[in-house]
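Notes to accompany the following structure.
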Amino acid sequence: MFLKLEGRACLVVGAGTIAAPKIASLLRAGGTVTVVAPRANAPIAAQAESGELRWHERQFVSGDLDGMFLAIAATDLQAVNHAVADEARARGILVNSVDDPPDCDFFYPSVVRRGDLQIAVSTAGKSPALAQRLREEIDAQLAEDTGSWLDQVGETRLKMLAAFPPGEDRKQALHLLARRESCDPQECPVQRNLDRMLAAQNQGGQR
C-alpha cells in the first residue's frame, strides 16, 4: 500500500541514526513532520532550525500523538518504542516501531525510485538486508531516465483515453505503450499513430 502523506501530520520519536532515514522518507513524501527527542543529531537539528520539521526537545508524552496521522518509534530504547506503539494503537494511529515487527502496523520497504515510478521491496520486517540487496539489483537494471520516459507514457495515455472509446484496440495500444523496447521516447509507433488519428479527427471536425 502506498499512502499519500502530502500535508499529513507525522510524528517521529527519536532523532538519531535510527530515526534519520525515517524522517528523510517522510519529508520526501511531503509529510508534516514533528520530532520528539531530548537530543538530535546535527542534520536533524539543522532541519528543525531551517523549518523543515518541528522538534520538541524532550521526552515523549502521550499528548504528542494528538492530531497525528501516523507515528514512528525510532529510539534505541525498546521500552520507549513499545510505549509509543501502544499509545498510537490505542488512538487508532498507524505506527511503525523500528526493528520490532510485532509492534508495527506497516513496514518500511526498500524502494527504487525513478520519478513517479516506485518499486518497493518488503520482507515484512524479517530481513531488511535482503530487501536492500534486492533493491540494489533492481536499481542496477533500471535505466536512470525511466522517470522521464514514464512522464511521456502518462501524457500519451491520457490523450488516448480521451480520444478513443474502450475496446480491444485501445487496450492493446496501451500495453504496447508501456513496453519501452518497442516504444521509447525517440521512436514510438503508438504516439505516431495517435498523432495521425488525432490529426484526422481534427480535419474531419473542421469540414
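Order determines the names: the first chain of the C-alpha cells is A, the second B, and so forth; residues in each chain are numbered 1 upward, and ligands are numbered 1 upward as they are shown.
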
Exercise. Name the residues in contact with A:Arg28 at a cut-off of 12 Å, using only C-alpha atoms, excluding same-chain residues fewer than 5 positions from it; report them as a PyMOL selection string.
Key: chain A and resi 4-7+21-23+33+52-53+113

Those selected residues, please, written with N, CA and C atoms and delivered as a CSV table (one decimal), in the first residue's frame.
chain,number,residue,atom,x,y,z
A,4,LYS,N,-0.7,8.4,0.6
A,4,LYS,CA,-0.4,9.8,0.3
A,4,LYS,C,-0.2,10.6,1.6
A,5,LEU,N,1.0,11.1,1.8
A,5,LEU,CA,1.4,11.7,3.0
A,5,LEU,C,1.5,13.2,2.9
A,6,GLU,N,1.2,13.7,1.7
A,6,GLU,CA,1.4,15.2,1.5
A,6,GLU,C,0.5,16.0,2.5
A,7,GLY,N,1.2,16.8,3.3
A,7,GLY,CA,0.5,17.6,4.3
A,7,GLY,C,0.0,16.9,5.5
A,21,PRO,N,16.8,8.2,8.7
A,21,PRO,CA,16.2,7.8,7.4
A,21,PRO,C,14.7,7.8,7.4
A,22,LYS,N,14.1,7.5,8.5
A,22,LYS,CA,12.6,7.6,8.6
A,22,LYS,C,12.1,9.0,8.4
A,23,ILE,N,12.8,9.9,9.1
A,23,ILE,CA,12.4,11.3,8.9
A,23,ILE,C,12.6,11.8,7.5
A,33,VAL,N,6.3,16.9,9.5
A,33,VAL,CA,7.0,16.0,10.5
A,33,VAL,C,7.3,16.8,11.8
A,52,GLU,N,12.2,22.8,8.3
A,52,GLU,CA,11.7,21.7,7.5
A,52,GLU,C,10.9,20.7,8.4
A,53,LEU,N,11.2,20.7,9.7
A,53,LEU,CA,10.4,19.9,10.6
A,53,LEU,C,10.3,20.7,12.0
A,113,ARG,N,13.4,4.4,-6.9
A,113,ARG,CA,12.7,5.5,-7.4
A,113,ARG,C,13.2,6.0,-8.7

Exercise. List every residue of stretch 35-194 of chain A that DSSP, applied to the backbone of this structure, places in strand (DSSP E or B), and write the result as a PyMOL selection string.
Key: chain A and resi 35-36+54-56+70-73+94-97+110-114+117-121

Take the selection from the previous step and output its residues with C-alpha atoms, as a CSV table (one decimal), in the first residue's frame.
chain,number,residue,atom,x,y,z
A,35,VAL,CA,10.2,15.0,16.1
A,36,VAL,CA,10.3,14.4,19.8
A,54,ARG,CA,9.3,20.7,14.2
A,55,TRP,CA,11.5,19.4,17.0
A,56,HIS,CA,10.3,19.1,20.7
A,70,LEU,CA,1.0,8.1,11.7
A,71,ALA,CA,3.8,7.7,14.2
A,72,ILE,CA,7.3,6.2,14.0
A,73,ALA,CA,9.0,4.9,17.2
A,94,LEU,CA,-0.8,3.9,12.3
A,95,VAL,CA,2.6,3.1,13.9
A,96,ASN,CA,5.9,1.7,13.0
A,97,SER,CA,8.3,0.6,15.7
A,110,SER,CA,13.4,-0.7,0.3
A,111,VAL,CA,12.4,1.5,-2.6
A,112,VAL,CA,13.7,2.1,-6.1
A,113,ARG,CA,12.7,5.5,-7.4
A,114,ARG,CA,12.7,6.9,-10.9
A,117,LEU,CA,7.9,5.2,-10.6
A,118,GLN,CA,8.4,3.5,-7.3
A,119,ILE,CA,9.3,-0.2,-6.8
A,120,ALA,CA,9.0,-1.3,-3.2
A,121,VAL,CA,10.5,-4.5,-1.7

Quiz item: atom CA of A:Val153 and atom CA of A:Cys183 are how many Å apart?
Solution: 9.0 Å

Quiz item: Quick one, how far is atom CA of A:Asp64 from atom CA of A:Ser122?
Solution: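 According to the coordinates, atom CA of A:Asp64 and atom CA of A:Ser122 are separated by 28.8 Å.
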
Tell me which protein, DNA and RNA residues are within 10 Å of A:Ile93, counting only C-alpha atoms, leaving out same-chain ones fewer than 6 positions away, and put them as a PDB file with N, CA and C atoms, in the first residue's frame.
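The result, written out as selection_12.pdb:
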ATOM      1  N   LEU A  65       0.851  12.632  20.346  1.00  0.00           N
ATOM      2  CA  LEU A  65       0.132  11.937  19.281  1.00  0.00           C
ATOM      3  C   LEU A  65      -1.151  12.648  18.858  1.00  0.00           C
ATOM      4  N   ASP A  66      -1.515  13.707  19.567  1.00  0.00           N
ATOM      5  CA  ASP A  66      -2.748  14.432  19.217  1.00  0.00           C
ATOM      6  C   ASP A  66      -2.685  14.919  17.766  1.00  0.00           C
ATOM      7  N   GLY A  67      -3.686  14.543  16.967  1.00  0.00           N
ATOM      8  CA  GLY A  67      -3.781  15.024  15.595  1.00  0.00           C
ATOM      9  C   GLY A  67      -2.860  14.361  14.602  1.00  0.00           C
ATOM     10  N   MET A  68      -2.144  13.318  15.020  1.00  0.00           N
ATOM     11  CA  MET A  68      -1.192  12.671  14.117  1.00  0.00           C
ATOM     12  C   MET A  68      -1.874  11.633  13.231  1.00  0.00           C
ATOM     13  N   PHE A  69      -1.398  11.530  11.995  1.00  0.00           N
ATOM     14  CA  PHE A  69      -1.883  10.522  11.059  1.00  0.00           C
ATOM     15  C   PHE A  69      -1.127   9.212  11.247  1.00  0.00           C
ATOM     16  N   LEU A  70       0.177   9.305  11.443  1.00  0.00           N
ATOM     17  CA  LEU A  70       0.982   8.109  11.725  1.00  0.00           C
ATOM     18  C   LEU A  70       2.128   8.478  12.642  1.00  0.00           C
ATOM     19  N   ALA A  71       2.743   7.442  13.223  1.00  0.00           N
ATOM     20  CA  ALA A  71       3.838   7.654  14.168  1.00  0.00           C
ATOM     21  C   ALA A  71       4.945   6.641  13.912  1.00  0.00           C
ATOM     22  N   ALA A  85       4.208   2.803  20.535  1.00  0.00           N
ATOM     23  CA  ALA A  85       3.366   1.928  19.720  1.00  0.00           C
ATOM     24  C   ALA A  85       2.042   1.624  20.417  1.00  0.00           C
ATOM     25  N   ASP A  86       2.103   1.342  21.700  1.00  0.00           N
ATOM     26  CA  ASP A  86       0.884   1.044  22.464  1.00  0.00           C
ATOM     27  C   ASP A  86      -0.077   2.228  22.453  1.00  0.00           C
ATOM     28  N   GLU A  87       0.465   3.413  22.712  1.00  0.00           N
ATOM     29  CA  GLU A  87      -0.382   4.609  22.765  1.00  0.00           C
ATOM     30  C   GLU A  87      -0.968   4.925  21.389  1.00  0.00           C
ATOM     31  N   ASP A 105       2.323  -1.567  12.481  1.00  0.00           N
ATOM     32  CA  ASP A 105       1.137  -1.657  11.642  1.00  0.00           C
ATOM     33  C   ASP A 105       1.522  -1.654  10.164  1.00  0.00           C
TER      34      ASP A 105
END

Going by DSSP on the backbone, which bits of stretch 60-205 of chain A are alpha helix (DSSP H)? Write them as a PDB file with N, CA and C atoms, in the first residue's frame, please.
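After the write, states02.pdb holds the following:
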ATOM      1  N   GLN A  78      13.936   0.069  23.576  1.00  0.00           N
ATOM      2  CA  GLN A  78      12.763  -0.707  23.196  1.00  0.00           C
ATOM      3  C   GLN A  78      11.549  -0.355  24.036  1.00  0.00           C
ATOM      4  N   ALA A  79      11.770  -0.071  25.321  1.00  0.00           N
ATOM      5  CA  ALA A  79      10.652   0.263  26.204  1.00  0.00           C
ATOM      6  C   ALA A  79       9.952   1.537  25.732  1.00  0.00           C
ATOM      7  N   VAL A  80      10.718   2.514  25.297  1.00  0.00           N
ATOM      8  CA  VAL A  80      10.135   3.763  24.797  1.00  0.00           C
ATOM      9  C   VAL A  80       9.376   3.495  23.504  1.00  0.00           C
ATOM     10  N   ASN A  81      10.007   2.750  22.603  1.00  0.00           N
ATOM     11  CA  ASN A  81       9.347   2.434  21.330  1.00  0.00           C
ATOM     12  C   ASN A  81       8.035   1.698  21.559  1.00  0.00           C
ATOM     13  N   HIS A  82       8.039   0.753  22.496  1.00  0.00           N
ATOM     14  CA  HIS A  82       6.837  -0.020  22.777  1.00  0.00           C
ATOM     15  C   HIS A  82       5.739   0.879  23.356  1.00  0.00           C
ATOM     16  N   ALA A  83       6.124   1.806  24.212  1.00  0.00           N
ATOM     17  CA  ALA A  83       5.142   2.716  24.798  1.00  0.00           C
ATOM     18  C   ALA A  83       4.502   3.593  23.725  1.00  0.00           C
ATOM     19  N   VAL A  84       5.317   4.058  22.784  1.00  0.00           N
ATOM     20  CA  VAL A  84       4.788   4.870  21.681  1.00  0.00           C
ATOM     21  C   VAL A  84       3.815   4.037  20.843  1.00  0.00           C
ATOM     22  N   ALA A  85       4.208   2.803  20.535  1.00  0.00           N
ATOM     23  CA  ALA A  85       3.366   1.928  19.720  1.00  0.00           C
ATOM     24  C   ALA A  85       2.042   1.624  20.417  1.00  0.00           C
ATOM     25  N   ASP A  86       2.103   1.342  21.700  1.00  0.00           N
ATOM     26  CA  ASP A  86       0.884   1.044  22.464  1.00  0.00           C
ATOM     27  C   ASP A  86      -0.077   2.228  22.453  1.00  0.00           C
ATOM     28  N   GLU A  87       0.465   3.413  22.712  1.00  0.00           N
ATOM     29  CA  GLU A  87      -0.382   4.609  22.765  1.00  0.00           C
ATOM     30  C   GLU A  87      -0.968   4.925  21.389  1.00  0.00           C
ATOM     31  N   ALA A  88      -0.164   4.748  20.349  1.00  0.00           N
ATOM     32  CA  ALA A  88      -0.652   5.021  18.993  1.00  0.00           C
ATOM     33  C   ALA A  88      -1.786   4.071  18.624  1.00  0.00           C
ATOM     34  N   ARG A  89      -1.602   2.789  18.928  1.00  0.00           N
ATOM     35  CA  ARG A  89      -2.649   1.818  18.601  1.00  0.00           C
ATOM     36  C   ARG A  89      -3.936   2.098  19.380  1.00  0.00           C
ATOM     37  N   ALA A  90      -3.793   2.518  20.619  1.00  0.00           N
ATOM     38  CA  ALA A  90      -4.974   2.840  21.429  1.00  0.00           C
ATOM     39  C   ALA A  90      -5.762   3.993  20.821  1.00  0.00           C
ATOM     40  N   PRO A 128      15.459  -6.942   6.493  1.00  0.00           N
ATOM     41  CA  PRO A 128      15.691  -5.696   5.770  1.00  0.00           C
ATOM     42  C   PRO A 128      16.934  -5.761   4.880  1.00  0.00           C
ATOM     43  N   ALA A 129      17.932  -6.539   5.284  1.00  0.00           N
ATOM     44  CA  ALA A 129      19.146  -6.658   4.473  1.00  0.00           C
ATOM     45  C   ALA A 129      18.849  -7.309   3.122  1.00  0.00           C
ATOM     46  N   LEU A 130      17.975  -8.321   3.113  1.00  0.00           N
ATOM     47  CA  LEU A 130      17.585  -8.954   1.858  1.00  0.00           C
ATOM     48  C   LEU A 130      16.808  -7.978   0.990  1.00  0.00           C
ATOM     49  N   ALA A 131      15.895  -7.237   1.593  1.00  0.00           N
ATOM     50  CA  ALA A 131      15.136  -6.244   0.837  1.00  0.00           C
ATOM     51  C   ALA A 131      16.069  -5.223   0.204  1.00  0.00           C
ATOM     52  N   GLN A 132      17.091  -4.800   0.966  1.00  0.00           N
ATOM     53  CA  GLN A 132      18.051  -3.832   0.433  1.00  0.00           C
ATOM     54  C   GLN A 132      18.848  -4.423  -0.718  1.00  0.00           C
ATOM     55  N   ARG A 133      19.251  -5.687  -0.606  1.00  0.00           N
ATOM     56  CA  ARG A 133      20.023  -6.315  -1.683  1.00  0.00           C
ATOM     57  C   ARG A 133      19.191  -6.425  -2.951  1.00  0.00           C
ATOM     58  N   LEU A 134      17.936  -6.820  -2.807  1.00  0.00           N
ATOM     59  CA  LEU A 134      17.060  -6.911  -3.978  1.00  0.00           C
ATOM     60  C   LEU A 134      16.820  -5.535  -4.594  1.00  0.00           C
ATOM     61  N   ARG A 135      16.689  -4.516  -3.739  1.00  0.00           N
ATOM     62  CA  ARG A 135      16.522  -3.152  -4.246  1.00  0.00           C
ATOM     63  C   ARG A 135      17.726  -2.747  -5.084  1.00  0.00           C
ATOM     64  N   GLU A 136      18.926  -3.068  -4.608  1.00  0.00           N
ATOM     65  CA  GLU A 136      20.137  -2.709  -5.344  1.00  0.00           C
ATOM     66  C   GLU A 136      20.188  -3.413  -6.699  1.00  0.00           C
ATOM     67  N   GLU A 137      19.744  -4.673  -6.747  1.00  0.00           N
ATOM     68  CA  GLU A 137      19.746  -5.415  -8.002  1.00  0.00           C
ATOM     69  C   GLU A 137      18.763  -4.812  -8.997  1.00  0.00           C
ATOM     70  N   ILE A 138      17.578  -4.448  -8.512  1.00  0.00           N
ATOM     71  CA  ILE A 138      16.579  -3.826  -9.395  1.00  0.00           C
ATOM     72  C   ILE A 138      17.065  -2.461  -9.859  1.00  0.00           C
ATOM     73  N   ASP A 139      17.646  -1.710  -8.945  1.00  0.00           N
ATOM     74  CA  ASP A 139      18.133  -0.372  -9.262  1.00  0.00           C
ATOM     75  C   ASP A 139      19.185  -0.420 -10.372  1.00  0.00           C
ATOM     76  N   ALA A 140      20.057  -1.432 -10.322  1.00  0.00           N
ATOM     77  CA  ALA A 140      21.119  -1.556 -11.320  1.00  0.00           C
ATOM     78  C   ALA A 140      20.559  -1.868 -12.705  1.00  0.00           C
ATOM     79  N   GLN A 141      19.383  -2.472 -12.782  1.00  0.00           N
ATOM     80  CA  GLN A 141      18.809  -2.877 -14.062  1.00  0.00           C
ATOM     81  C   GLN A 141      17.902  -1.821 -14.676  1.00  0.00           C
ATOM     82  N   THR A 146      14.183   6.433 -16.702  1.00  0.00           N
ATOM     83  CA  THR A 146      12.865   5.778 -16.715  1.00  0.00           C
ATOM     84  C   THR A 146      11.767   6.723 -16.236  1.00  0.00           C
ATOM     85  N   GLY A 147      12.071   7.592 -15.292  1.00  0.00           N
ATOM     86  CA  GLY A 147      11.071   8.524 -14.781  1.00  0.00           C
ATOM     87  C   GLY A 147      10.571   9.479 -15.849  1.00  0.00           C
ATOM     88  N   SER A 148      11.497  10.048 -16.652  1.00  0.00           N
ATOM     89  CA  SER A 148      11.081  10.966 -17.706  1.00  0.00           C
ATOM     90  C   SER A 148      10.330  10.227 -18.809  1.00  0.00           C
ATOM     91  N   TRP A 149      10.740   8.980 -19.081  1.00  0.00           N
ATOM     92  CA  TRP A 149      10.007   8.161 -20.054  1.00  0.00           C
ATOM     93  C   TRP A 149       8.579   7.905 -19.563  1.00  0.00           C
ATOM     94  N   LEU A 150       8.436   7.620 -18.272  1.00  0.00           N
ATOM     95  CA  LEU A 150       7.107   7.398 -17.698  1.00  0.00           C
ATOM     96  C   LEU A 150       6.235   8.635 -17.839  1.00  0.00           C
ATOM     97  N   ASP A 151       6.823   9.824 -17.665  1.00  0.00           N
ATOM     98  CA  ASP A 151       6.051  11.053 -17.835  1.00  0.00           C
ATOM     99  C   ASP A 151       5.447  11.120 -19.238  1.00  0.00           C
ATOM    100  N   GLN A 152       6.252  10.754 -20.247  1.00  0.00           N
ATOM    101  CA  GLN A 152       5.754  10.772 -21.621  1.00  0.00           C
ATOM    102  C   GLN A 152       4.662   9.726 -21.824  1.00  0.00           C
ATOM    103  N   VAL A 153       4.869   8.539 -21.253  1.00  0.00           N
ATOM    104  CA  VAL A 153       3.858   7.490 -21.340  1.00  0.00           C
ATOM    105  C   VAL A 153       2.542   7.982 -20.739  1.00  0.00           C
ATOM    106  N   GLY A 154       2.626   8.642 -19.582  1.00  0.00           N
ATOM    107  CA  GLY A 154       1.419   9.122 -18.922  1.00  0.00           C
ATOM    108  C   GLY A 154       0.670  10.152 -19.752  1.00  0.00           C
ATOM    109  N   GLU A 155       1.416  11.065 -20.383  1.00  0.00           N
ATOM    110  CA  GLU A 155       0.772  12.075 -21.222  1.00  0.00           C
ATOM    111  C   GLU A 155       0.075  11.438 -22.420  1.00  0.00           C
ATOM    112  N   THR A 156       0.767  10.487 -23.064  1.00  0.00           N
ATOM    113  CA  THR A 156       0.178   9.822 -24.227  1.00  0.00           C
ATOM    114  C   THR A 156      -1.045   9.011 -23.828  1.00  0.00           C
ATOM    115  N   ARG A 157      -0.970   8.340 -22.676  1.00  0.00           N
ATOM    116  CA  ARG A 157      -2.103   7.534 -22.213  1.00  0.00           C
ATOM    117  C   ARG A 157      -3.344   8.389 -22.009  1.00  0.00           C
ATOM    118  N   LEU A 158      -3.186   9.567 -21.398  1.00  0.00           N
ATOM    119  CA  LEU A 158      -4.338  10.439 -21.166  1.00  0.00           C
ATOM    120  C   LEU A 158      -4.970  10.880 -22.483  1.00  0.00           C
ATOM    121  N   LYS A 159      -4.134  11.160 -23.481  1.00  0.00           N
ATOM    122  CA  LYS A 159      -4.660  11.542 -24.797  1.00  0.00           C
ATOM    123  C   LYS A 159      -5.462  10.396 -25.402  1.00  0.00           C
ATOM    124  N   MET A 160      -4.945   9.169 -25.253  1.00  0.00           N
ATOM    125  CA  MET A 160      -5.630   8.011 -25.820  1.00  0.00           C
ATOM    126  C   MET A 160      -6.966   7.769 -25.126  1.00  0.00           C
ATOM    127  N   LEU A 161      -6.983   7.886 -23.799  1.00  0.00           N
ATOM    128  CA  LEU A 161      -8.216   7.657 -23.061  1.00  0.00           C
ATOM    129  C   LEU A 161      -9.283   8.680 -23.425  1.00  0.00           C
ATOM    130  N   ALA A 162      -8.832   9.921 -23.700  1.00  0.00           N
ATOM    131  CA  ALA A 162      -9.787  10.979 -24.038  1.00  0.00           C
ATOM    132  C   ALA A 162     -10.283  10.858 -25.476  1.00  0.00           C
ATOM    133  N   ALA A 163      -9.441  10.324 -26.356  1.00  0.00           N
ATOM    134  CA  ALA A 163      -9.759  10.346 -27.778  1.00  0.00           C
ATOM    135  C   ALA A 163     -10.511   9.120 -28.258  1.00  0.00           C
ATOM    136  N   GLU A 168     -10.721  -3.418 -27.437  1.00  0.00           N
ATOM    137  CA  GLU A 168      -9.515  -4.234 -27.522  1.00  0.00           C
ATOM    138  C   GLU A 168      -8.369  -3.487 -28.182  1.00  0.00           C
ATOM    139  N   ASP A 169      -8.681  -2.671 -29.214  1.00  0.00           N
ATOM    140  CA  ASP A 169      -7.613  -1.931 -29.902  1.00  0.00           C
ATOM    141  C   ASP A 169      -6.924  -0.962 -28.948  1.00  0.00           C
ATOM    142  N   ARG A 170      -7.731  -0.242 -28.161  1.00  0.00           N
ATOM    143  CA  ARG A 170      -7.139   0.709 -27.216  1.00  0.00           C
ATOM    144  C   ARG A 170      -6.343  -0.028 -26.147  1.00  0.00           C
ATOM    145  N   LYS A 171      -6.869  -1.142 -25.679  1.00  0.00           N
ATOM    146  CA  LYS A 171      -6.178  -1.932 -24.659  1.00  0.00           C
ATOM    147  C   LYS A 171      -4.814  -2.407 -25.163  1.00  0.00           C
ATOM    148  N   GLN A 172      -4.768  -2.915 -26.398  1.00  0.00           N
ATOM    149  CA  GLN A 172      -3.503  -3.394 -26.950  1.00  0.00           C
ATOM    150  C   GLN A 172      -2.523  -2.250 -27.137  1.00  0.00           C
ATOM    151  N   ALA A 173      -3.019  -1.094 -27.557  1.00  0.00           N
ATOM    152  CA  ALA A 173      -2.142   0.067 -27.743  1.00  0.00           C
ATOM    153  C   ALA A 173      -1.556   0.535 -26.411  1.00  0.00           C
ATOM    154  N   LEU A 174      -2.360   0.498 -25.365  1.00  0.00           N
ATOM    155  CA  LEU A 174      -1.867   0.907 -24.044  1.00  0.00           C
ATOM    156  C   LEU A 174      -0.783  -0.045 -23.542  1.00  0.00           C
ATOM    157  N   HIS A 175      -0.961  -1.330 -23.797  1.00  0.00           N
ATOM    158  CA  HIS A 175       0.063  -2.294 -23.381  1.00  0.00           C
ATOM    159  C   HIS A 175       1.341  -2.114 -24.198  1.00  0.00           C
ATOM    160  N   LEU A 176       1.206  -1.800 -25.485  1.00  0.00           N
ATOM    161  CA  LEU A 176       2.379  -1.539 -26.315  1.00  0.00           C
ATOM    162  C   LEU A 176       3.103  -0.285 -25.841  1.00  0.00           C
ATOM    163  N   LEU A 177       2.328   0.715 -25.464  1.00  0.00           N
ATOM    164  CA  LEU A 177       2.900   1.976 -24.972  1.00  0.00           C
ATOM    165  C   LEU A 177       3.784   1.750 -23.755  1.00  0.00           C
ATOM    166  N   PRO A 189       5.695   3.952 -32.058  1.00  0.00           N
ATOM    167  CA  PRO A 189       4.627   3.797 -33.051  1.00  0.00           C
ATOM    168  C   PRO A 189       3.254   4.157 -32.509  1.00  0.00           C
ATOM    169  N   VAL A 190       3.013   3.922 -31.234  1.00  0.00           N
ATOM    170  CA  VAL A 190       1.730   4.295 -30.641  1.00  0.00           C
ATOM    171  C   VAL A 190       1.533   5.800 -30.725  1.00  0.00           C
ATOM    172  N   GLN A 191       2.582   6.556 -30.373  1.00  0.00           N
ATOM    173  CA  GLN A 191       2.495   8.016 -30.427  1.00  0.00           C
ATOM    174  C   GLN A 191       2.285   8.497 -31.861  1.00  0.00           C
ATOM    175  N   ARG A 192       2.988   7.896 -32.820  1.00  0.00           N
ATOM    176  CA  ARG A 192       2.830   8.280 -34.220  1.00  0.00           C
ATOM    177  C   ARG A 192       1.400   8.029 -34.692  1.00  0.00           C
ATOM    178  N   ASN A 193       0.879   6.855 -34.389  1.00  0.00           N
ATOM    179  CA  ASN A 193      -0.486   6.531 -34.803  1.00  0.00           C
ATOM    180  C   ASN A 193      -1.511   7.439 -34.127  1.00  0.00           C
ATOM    181  N   LEU A 194      -1.275   7.725 -32.852  1.00  0.00           N
ATOM    182  CA  LEU A 194      -2.192   8.606 -32.135  1.00  0.00           C
ATOM    183  C   LEU A 194      -2.200   9.990 -32.760  1.00  0.00           C
ATOM    184  N   ASP A 195      -1.016  10.521 -33.043  1.00  0.00           N
ATOM    185  CA  ASP A 195      -0.933  11.847 -33.659  1.00  0.00           C
ATOM    186  C   ASP A 195      -1.651  11.868 -35.007  1.00  0.00           C
ATOM    187  N   ARG A 196      -1.469  10.788 -35.771  1.00  0.00           N
ATOM    188  CA  ARG A 196      -2.096  10.702 -37.084  1.00  0.00           C
ATOM    189  C   ARG A 196      -3.630  10.675 -36.948  1.00  0.00           C
ATOM    190  N   MET A 197      -4.121   9.885 -36.010  1.00  0.00           N
ATOM    191  CA  MET A 197      -5.569   9.742 -35.828  1.00  0.00           C
ATOM    192  C   MET A 197      -6.187  11.026 -35.276  1.00  0.00           C
ATOM    193  N   LEU A 198      -5.478  11.689 -34.355  1.00  0.00           N
ATOM    194  CA  LEU A 198      -5.992  12.946 -33.817  1.00  0.00           C
ATOM    195  C   LEU A 198      -6.034  14.018 -34.899  1.00  0.00           C
ATOM    196  N   ALA A 199      -4.995  14.029 -35.758  1.00  0.00           N
ATOM    197  CA  ALA A 199      -4.967  14.988 -36.858  1.00  0.00           C
ATOM    198  C   ALA A 199      -6.139  14.747 -37.807  1.00  0.00           C
ATOM    199  N   ALA A 200      -6.426  13.472 -38.078  1.00  0.00           N
ATOM    200  CA  ALA A 200      -7.545  13.141 -38.966  1.00  0.00           C
ATOM    201  C   ALA A 200      -8.876  13.563 -38.341  1.00  0.00           C
ATOM    202  N   GLN A 201      -9.000  13.360 -37.023  1.00  0.00           N
ATOM    203  CA  GLN A 201     -10.234  13.768 -36.342  1.00  0.00           C
ATOM    204  C   GLN A 201     -10.426  15.289 -36.417  1.00  0.00           C
ATOM    205  N   ASN A 202      -9.316  16.027 -36.223  1.00  0.00           N
ATOM    206  CA  ASN A 202      -9.385  17.475 -36.259  1.00  0.00           C
ATOM    207  C   ASN A 202      -9.782  17.976 -37.651  1.00  0.00           C
ATOM    208  N   GLN A 203      -9.212  17.351 -38.653  1.00  0.00           N
ATOM    209  CA  GLN A 203      -9.537  17.745 -40.021  1.00  0.00           C
ATOM    210  C   GLN A 203     -10.998  17.472 -40.325  1.00  0.00           C
ATOM    211  N   GLY A 204     -11.486  16.297 -39.857  1.00  0.00           N
ATOM    212  CA  GLY A 204     -12.887  15.976 -40.055  1.00  0.00           C
ATOM    213  C   GLY A 204     -13.813  16.944 -39.368  1.00  0.00           C
ATOM    214  N   GLY A 205     -13.392  17.425 -38.170  1.00  0.00           N
ATOM    215  CA  GLY A 205     -14.235  18.343 -37.415  1.00  0.00           C
ATOM    216  C   GLY A 205     -14.272  19.737 -38.021  1.00  0.00           C
TER     217      GLY A 205
END

Self-check item: Å distance separating atom CA of A:Ser62 from atom CA of A:Leu3, one decimal place
Solution: 24.2 Å

Practice problem: Fewer than 5 positions away in the same chain doesn't count, so skip those; otherwise give me all residues within 10 Å of A:Lys126, counting only C-alpha atoms, as a list in words. | Solution: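 Neighbouring residues, sequence-local ones excluded: Asp99, Asp100, Pro101 and Ala131 of chain A.
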
Need to verify the contact set: A:Arg39, 10 Å, only C-alpha atoms, exclusion of same-chain residues closer than 5 positions in sequence. Can you return it as a PDB file with N, CA and C atoms, in the first residue's frame?
ATOM      1  N   GLY A  14      12.395  10.067  18.454  1.00  0.00           N
ATOM      2  CA  GLY A  14      13.801   9.736  18.243  1.00  0.00           C
ATOM      3  C   GLY A  14      14.385  10.666  17.205  1.00  0.00           C
ATOM      4  N   ALA A  15      15.673  10.983  17.358  1.00  0.00           N
ATOM      5  CA  ALA A  15      16.304  11.930  16.436  1.00  0.00           C
ATOM      6  C   ALA A  15      17.775  11.599  16.228  1.00  0.00           C
ATOM      7  N   GLY A  16      18.078  10.285  16.218  1.00  0.00           N
ATOM      8  CA  GLY A  16      19.457   9.853  15.994  1.00  0.00           C
ATOM      9  C   GLY A  16      19.589   9.107  14.683  1.00  0.00           C
ATOM     10  N   ILE A  44      19.469  16.612  11.769  1.00  0.00           N
ATOM     11  CA  ILE A  44      18.067  16.786  12.167  1.00  0.00           C
ATOM     12  C   ILE A  44      17.879  18.121  12.891  1.00  0.00           C
ATOM     13  N   ALA A  45      18.834  18.462  13.730  1.00  0.00           N
ATOM     14  CA  ALA A  45      18.764  19.764  14.404  1.00  0.00           C
ATOM     15  C   ALA A  45      18.783  20.896  13.388  1.00  0.00           C
ATOM     16  N   TRP A  55      10.800  20.247  16.081  1.00  0.00           N
ATOM     17  CA  TRP A  55      11.483  19.395  17.047  1.00  0.00           C
ATOM     18  C   TRP A  55      11.128  19.834  18.466  1.00  0.00           C
ATOM     19  N   HIS A  56      10.523  18.895  19.242  1.00  0.00           N
ATOM     20  CA  HIS A  56      10.289  19.114  20.671  1.00  0.00           C
ATOM     21  C   HIS A  56      11.444  18.464  21.424  1.00  0.00           C
ATOM     22  N   GLU A  57      12.242  19.272  22.055  1.00  0.00           N
ATOM     23  CA  GLU A  57      13.487  18.808  22.690  1.00  0.00           C
ATOM     24  C   GLU A  57      13.203  18.279  24.100  1.00  0.00           C
ATOM     25  N   ARG A  58      12.597  17.097  24.155  1.00  0.00           N
ATOM     26  CA  ARG A  58      12.219  16.499  25.435  1.00  0.00           C
ATOM     27  C   ARG A  58      11.814  15.043  25.209  1.00  0.00           C
ATOM     28  N   GLN A  59      11.408  14.377  26.300  1.00  0.00           N
ATOM     29  CA  GLN A  59      10.924  13.007  26.225  1.00  0.00           C
ATOM     30  C   GLN A  59       9.506  12.973  25.633  1.00  0.00           C
TER      31      GLN A  59
END

Exercise. Compile the contact shell of A:Ala19 as a PyMOL selection string: residues with an atom at most 8 Å away, counting only C-alpha atoms, same-chain residues fewer than 5 positions apart removed.
Key: chain A and resi 12-14+74-75
